[in-house]
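Here the structure is laid out as structure tokens; the discussion comes afterwards.
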Amino acid sequence: MYGDMNLSSESSKIVNGLIYRIVPSKERIPFPGNIISLSVESGHFTDILEEAELNDSLIVLLGKKNQYASDFSSDSYFSFGCIAKVVQVIKLPNFGNKAIIRCLKRVRVTEFQKRNLNLYARIDTVEINTETDDVLKATLRILRKLYIEFLELNPQLEKPEYLLNINDELVNPLKLTDTILGSLNLNYQRKQRMLEISDFRYLVSELHTILLNEIEFSKLEKKIEAEVSQRTMKEQKDYFLREKIKGLSSELGSDALQIPEVEKINELKSKGELSEQAIQKAEIEIEKLNKLHSMSPEYGLLRDYLDLIISLPWKKSGEINIDLHSAENILNDDHYGLIKPKERILEYLSVLKLVEKLKSPILCFVGPPGTGKTSLGKSIARALGRKYIRIALGGLHDEAEIRGHRKTYIGAMPGKVIQSIRKVGVNNPLILFDEIDKMSSDFRGDPASALLEVLDPEQNNTFTDNYLDIEFDLSNVLFIATANDQSRIPVPLLDRMEIIRLDGYIDLEKFMIAKNFLIPEQKKVNGLGENSLTISESAVYKIINEFTLEAGVRELERKIAKICRKTAKLIIDAPAKKVKVTSTNLNSFLGIEEYRDFSNVEGKKIGEVNGLAWTVSGGSVLKVETNIIKGKPDLKLTGKLGDIMKESAQAALSYIKTFCDKFSLDPKIFDENEIHLHFPEAATPKDGPSAGVTIVVSLISALKKIPVSQNIGMTGEITIHGDVLAVGGLKTKLMAAKRSKIKTVFIPEQNKKDLEPIDKEIKNSLNIIPVSHVNEIINHITGKSDE
């Protein structure tokens, strides 16, 4: 490391003020007495080094301010470095050269000079006063001991015997510090800072701190290496012993070594808690496991697979509550109304009491958001005493989410159905498939197709998950699905489910839900006492009619929550205060009414007629407006319409043109005018055939200048001969008419049978007139008797 006896003779050649060629030291900072190896790629610097070796001349080694930069201007170098002698330049067989250089003495560059392509430096040697007192001598002695300890911890470093074996008094202090600095693996910039220190006392102090840190790091490295080595030796020992035991077990014909999963499977097999297929598959996997080393990647995968077999409830069923009275009370306590789904569950329980085993029904609750579909599923599980699982299908687009991945794939796992059953630990839970109409398909498969086997009572007793690869009986599971839009459920899947519609709540039902469920729950959530807040009946009805417009009760719940939050603030300001909300002061809690003037049902208008529409969010009023404009004959349709609605408009116009004599219309009116049909709320997509009669009436009103009362609504598909055909979603449309203060509603004669199950409150609040032909509506509006 440190130079030999020729160092002093070489140093004697150094003269202050002389100019020497500069060579960059990008790999390491040079320290006097150190012999370093430099890799040289540039041909220019190779020539300088070879010339210096040949002529026995000296060079200046300087560190770079940015050691990775290719800039070799004077500004890129540090001003402190070492003057050095080139010992040897070695050409490497592949690329570049290596130079062996002996560093002689610290120097400081006083001036840079550029001559042609070469950079020269005028130098002054840096003299460091190494006179020592007793304190510094003691510090140097400690420093030497620390360095010896550091070398013992790092045996790969070369030991400078001439420094280690001589007496402390004979050690050159500067030679000791430079040797230590040369062997330490410090940061490039920090080493440069150490090189530039000219105060020897400060240099020794810094080096003392650095050595202590390096020794601590070395000890930590040794400890980590020892722990890793010990762990590796233990694993090798375990493997050797395991292999020996396997050999002995094979000779003895017994399984002397058992894995916990294997023991558990043998236990379940003896108790008869596994299916025959599960036993066969487990034995095959155990045989594979016994042939594998515990460090093999497949070893852990096989143990995970066996753990899945163990944790599945192959023959374990939960106790079902078949007490009809108790189940009915639970359903009524949790939900108000919803008579049809409650009746269906009680029918299922009744039959279950009469037979030993019954294939569970597969129900699908279809209705607008906020009508209680998901919460009803949870309530049914509680009423039946079954474990409850909810699987969200919204946005699902991978078949493997239902049927699992094959074990050959990295990260494979069972599908959601098997995972859920494993989680609850019984084979007869209630599984709720939420938002079954929101699934999609892509190149990874169609999850709706995967559900066909799950939801088919004739097939699901042998459901096979791709990961499990064993038939699992799902026939004991009660499946319930929820959806907003029935039309988006694939027909084969729809055919396997019993559809129960939840069309929404009437005002009385909303009031009872608010009174019995929403208000008590929101009081509890917002930390209000039972008597600290009172909401009057009139206030609740006002919230329902003027602050919300929905089929469900989610917005109603949010409004009640807002009242509770404001009440909490009032109580904080005045702790003894009791708050009473009435229809009079409701605006101070909720602000201005949002839907007070939603539908202007007063007066009459020409060309403007109220239609009734069904949406996934419930029923709504769909206005149709018509203008007759002089100009080129055309039918202009606006309002973001679908193809079916556009065809309905064409059919309506065709009917009027064909029977214009019946309406006392001049046929020329269609040749001289543009007809513009507009459907307001243009940002909302609209489609379907049920606006047909509304379009006809709007056209007749505009063409004949007949005003139409705005408290009339209508729905029905139109044919080109004026016949009115049946439509769907009648209950939700009538509920929308009632909410919008419409008094008279025309419906298709064919829908008359659908009025029977509709609540009396809706039917009594509306004048419902069934019609079979559009002329009946027109005659009613114009006051003519039916022909």
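Residue numbers start at 1 in each chain; chains themselves are named A, B, ... in the order of the structure tokens; ligands are numbered from 1 in the order shown.
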
(message) DSSP on the backbone: which residues in segment 541-684 of chain A end up as alpha helix (DSSP H)? Give the answer as a ChimeraX atom specification.
(response) /A:541-542,554-573,587-590,643-658,669-672

(message) Excluding Ser218 of chain A and its own-chain neighbours fewer than 5 positions away, which residues fall within 10 Å of it when counting only C-alpha atoms? Please give them as a ChimeraX atom specification.
(response) /A:150-154,212-213,223-224

(request) Using only C-alpha atoms, find the one residue out of A:Arg28, A:Lys387, A:His721, A:Lys743 that sits nearest to Lys657 of chain A. (result) A:His721

(request) List every residue of segment 369-615 of chain A that DSSP, applied to the backbone, labels as strand (DSSP E or B), and write the result as a ChimeraX atom specification. (result) /A:388-392,430-434,442,445,463-464,471-472,478-483,498-501,533-535,579-581,604-606,608-615

(message) Need the shell around segment 303-306 of chain A: protein/DNA/RNA residues with any atom at most 7 Å away, counting only C-alpha atoms. Skip same-chain ones fewer than 4 positions apart. Format as a ChimeraX atom specification?
(response) /A:261,282,299,310

Keeping N, CA and C atoms for every residue in the selection just given, could you write it to a file as a PDB file, in the first residue's frame?
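Dumped to out-v6.pdb:
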```pdb
ATOM      1  N   GLU A 261     -50.457 -30.405   7.399  1.00  0.00           N
ATOM      2  CA  GLU A 261     -51.600 -30.525   6.481  1.00  0.00           C
ATOM      3  C   GLU A 261     -51.944 -31.977   6.208  1.00  0.00           C
ATOM      4  N   ALA A 282     -56.484 -35.386  -2.663  1.00  0.00           N
ATOM      5  CA  ALA A 282     -55.533 -35.081  -1.594  1.00  0.00           C
ATOM      6  C   ALA A 282     -54.413 -36.115  -1.547  1.00  0.00           C
ATOM      7  N   TYR A 299     -43.382 -26.822  -3.464  1.00  0.00           N
ATOM      8  CA  TYR A 299     -43.659 -27.375  -2.143  1.00  0.00           C
ATOM      9  C   TYR A 299     -44.671 -26.499  -1.399  1.00  0.00           C
ATOM     10  N   ILE A 310     -58.543 -28.764   3.271  1.00  0.00           N
ATOM     11  CA  ILE A 310     -58.842 -28.927   4.696  1.00  0.00           C
ATOM     12  C   ILE A 310     -59.901 -27.925   5.162  1.00  0.00           C
TER      13      ILE A 310
END
```

(request) Write out as a PyMOL selection string which residues come within 8 Å of segment 36-42 of chain A when counting only C-alpha atoms, dropping same-chain ones fewer than 5 positions away. (result) chain A and resi 25+27+30+95-103

(message) Residues within 12 Å of Gly728 of chain A, please, as a PyMOL selection string. Count only C-alpha atoms; anything in the same chain fewer than 4 positions from it doesn't count.
(response) chain A and resi 486-487+501+503+612-615+619+688-691+715-717+732-734+747-748+750-752+754-755

(message) Can you pull out the residues contacting segment 660-663 of chain A? Cut-off 10 Å, using only C-alpha atoms, and skip same-chain residues under 3 positions away; I want them as a PyMOL selection string.
(response) chain A and resi 654-657+666-667+700+703-704+775+778

(request) Could you jot down the atom CA of Lys438 of chain A to atom CA of Arg488 of chain A separation for me, Å, one decimal place? (result)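 Interatomic distance here is 7.8 Å.
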
(request) For Thr567 of chain A, list every protein, DNA or RNA residue within 12 Å, evaluated using only C-alpha atoms, and leave out those in the same chain fewer than 3 positions away; present the list as a ChimeraX atom specification. (result) /A:522-523,526-529,531-535,560-564,570-575,577-581,586,588-590

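The spacing separating atom CA of Thr638 of chain A from atom CA of His678 of chain A amounts to 4.9 Å.
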